[in-house]
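Asker: Have a look at the structure that comes next, please.
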Amino acid sequence: MSKDMGIQDKRVIELQNIYEELDTEGKETIISAADKLLNIQKTFKYPQELRKRHFRDIMLYITLGLIIACAIWFFWEIFINPALQKAGITPLNMARIIVTAIIGILCVFSGLIGFLLRKISFHWLFLLIIAGIASLDPQILTDFIGFSFLAFIITVLLTQKKDQKVTFSR
């Protein structure tokens, strides 16, 4: 209760300041002070309702997250996992395939976007596309080739960046 009283005291002081502005200033200040007064009145009137709304929103997000997690688990256990086990793919292998595919897509798109924005030259585009396509294929050998190309590109670009001198202008 003492915390609410402190908040109310601050609001009363703000209201007094607004009323002082009304006495000393012109028409524009009166309008802005009235707007401030209306905003303070809105927050002063309904703080309990705002707390209930925030709690309700948080509970809604938690409930939706649980429903989505249950739906993913259901589809994984009923449909996806048996099909993958028949094909001989384990969940760990599936995670590797998904991660390398995402890295491959990022390589291809970063190469294309960098080339279109004229940030990289054609030979870097070519190397990034090779790395991306190799990473998209789910075989371990092609993943290794794709990551080798990607590691080569990153090391060359980092060494070029270190060789460039940074100058600051005032």
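Residue numbering restarts at 1 in every chain; chains get A, B, ... in the order shown in the structure tokens, and ligands count up from 1 in that same order.
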If you run DSSP on the backbone, which residues of stretch 86-169 of chain A are alpha helix (DSSP H), as an mmCIF file with C-alpha atoms, in the first residue's frame?

Answerer:
data_model
loop_
_atom_site.group_PDB
_atom_site.id
_atom_site.type_symbol
_atom_site.label_atom_id
_atom_site.label_comp_id
_atom_site.auth_asym_id
_atom_site.auth_seq_id
_atom_site.Cartn_x
_atom_site.Cartn_y
_atom_site.Cartn_z
ATOM 1 C CA LYS A 86 11.867 -47.212 -41.568
ATOM 2 C CA ALA A 87 14.281 -45.168 -43.693
ATOM 3 C CA PRO A 91 16.696 -38.035 -34.697
ATOM 4 C CA LEU A 92 20.347 -36.965 -34.300
ATOM 5 C CA ASN A 93 20.957 -37.559 -38.003
ATOM 6 C CA MET A 94 17.789 -35.612 -38.817
ATOM 7 C CA ALA A 95 18.995 -32.681 -36.704
ATOM 8 C CA ARG A 96 22.321 -32.704 -38.603
ATOM 9 C CA ILE A 97 20.502 -32.699 -41.934
ATOM 10 C CA ILE A 98 18.270 -29.796 -40.889
ATOM 11 C CA VAL A 99 21.162 -27.692 -39.542
ATOM 12 C CA THR A 100 23.365 -28.248 -42.602
ATOM 13 C CA ALA A 101 20.438 -27.507 -44.921
ATOM 14 C CA ILE A 102 19.775 -24.202 -43.141
ATOM 15 C CA ILE A 103 23.475 -23.290 -43.368
ATOM 16 C CA GLY A 104 23.427 -24.193 -47.067
ATOM 17 C CA ILE A 105 20.393 -21.997 -47.735
ATOM 18 C CA LEU A 106 22.048 -19.113 -45.857
ATOM 19 C CA CYS A 107 25.226 -19.534 -47.953
ATOM 20 C CA VAL A 108 23.346 -19.434 -51.241
ATOM 21 C CA PHE A 109 21.173 -16.467 -50.291
ATOM 22 C CA SER A 110 24.003 -14.480 -48.700
ATOM 23 C CA GLY A 111 26.039 -14.981 -51.856
ATOM 24 C CA LEU A 112 23.170 -13.844 -54.080
ATOM 25 C CA ILE A 113 22.275 -10.851 -51.910
ATOM 26 C CA GLY A 114 25.914 -9.814 -51.560
ATOM 27 C CA PHE A 115 26.412 -10.026 -55.320
ATOM 28 C CA LEU A 116 23.203 -8.135 -56.106
ATOM 29 C CA PHE A 122 31.506 -13.035 -58.832
ATOM 30 C CA HIS A 123 34.133 -15.537 -57.679
ATOM 31 C CA TRP A 124 32.934 -15.209 -54.044
ATOM 32 C CA LEU A 125 29.372 -15.700 -55.261
ATOM 33 C CA PHE A 126 30.447 -18.835 -57.110
ATOM 34 C CA LEU A 127 32.238 -20.228 -54.029
ATOM 35 C CA LEU A 128 29.294 -19.454 -51.733
ATOM 36 C CA ILE A 129 26.847 -21.163 -54.102
ATOM 37 C CA ILE A 130 29.084 -24.250 -54.249
ATOM 38 C CA ALA A 131 29.315 -24.303 -50.432
ATOM 39 C CA GLY A 132 25.552 -23.850 -50.109
ATOM 40 C CA ILE A 133 24.578 -26.522 -52.611
ATOM 41 C CA ALA A 134 27.056 -28.974 -51.111
ATOM 42 C CA SER A 135 25.618 -28.326 -47.641
ATOM 43 C CA LEU A 136 22.062 -28.822 -48.886
ATOM 44 C CA ILE A 140 28.184 -36.448 -44.901
ATOM 45 C CA LEU A 141 30.801 -36.095 -47.656
ATOM 46 C CA THR A 142 28.973 -33.191 -49.299
ATOM 47 C CA ASP A 143 28.471 -31.542 -45.899
ATOM 48 C CA PHE A 144 32.219 -31.767 -45.324
ATOM 49 C CA ILE A 145 32.919 -30.272 -48.767
ATOM 50 C CA GLY A 146 30.435 -27.457 -48.170
ATOM 51 C CA PHE A 147 31.864 -26.621 -44.758
ATOM 52 C CA SER A 148 35.404 -26.745 -46.178
ATOM 53 C CA PHE A 149 34.463 -24.176 -48.824
ATOM 54 C CA LEU A 150 32.704 -22.062 -46.195
ATOM 55 C CA ALA A 151 35.705 -22.218 -43.827
ATOM 56 C CA PHE A 152 38.002 -21.213 -46.709
ATOM 57 C CA ILE A 153 35.783 -18.244 -47.583
ATOM 58 C CA ILE A 154 35.576 -17.081 -43.966
ATOM 59 C CA THR A 155 39.331 -17.352 -43.337
ATOM 60 C CA VAL A 156 40.219 -15.482 -46.540
ATOM 61 C CA LEU A 157 37.708 -12.717 -45.817
ATOM 62 C CA LEU A 158 38.904 -12.386 -42.212
ATOM 63 C CA THR A 159 42.554 -12.163 -43.250
ATOM 64 C CA GLN A 160 41.640 -9.538 -45.858
ATOM 65 C CA LYS A 161 39.761 -7.600 -43.189
ATOM 66 C CA LYS A 162 42.776 -7.703 -40.841
ATOM 67 C CA ASP A 163 45.096 -6.481 -43.602
#

Asker: Could you tell me how far atom CA of A:Ile31 sits from atom CA of A:Lys10, in Å to one decimal place?

Answerer: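 Between these atoms lies a distance of 21.6 Å.
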
Asker: What is the atom CA of A:Leu60 to atom CA of A:Phe74 distance in Å?

Answerer: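 Between these atoms lies a distance of 20.9 Å.
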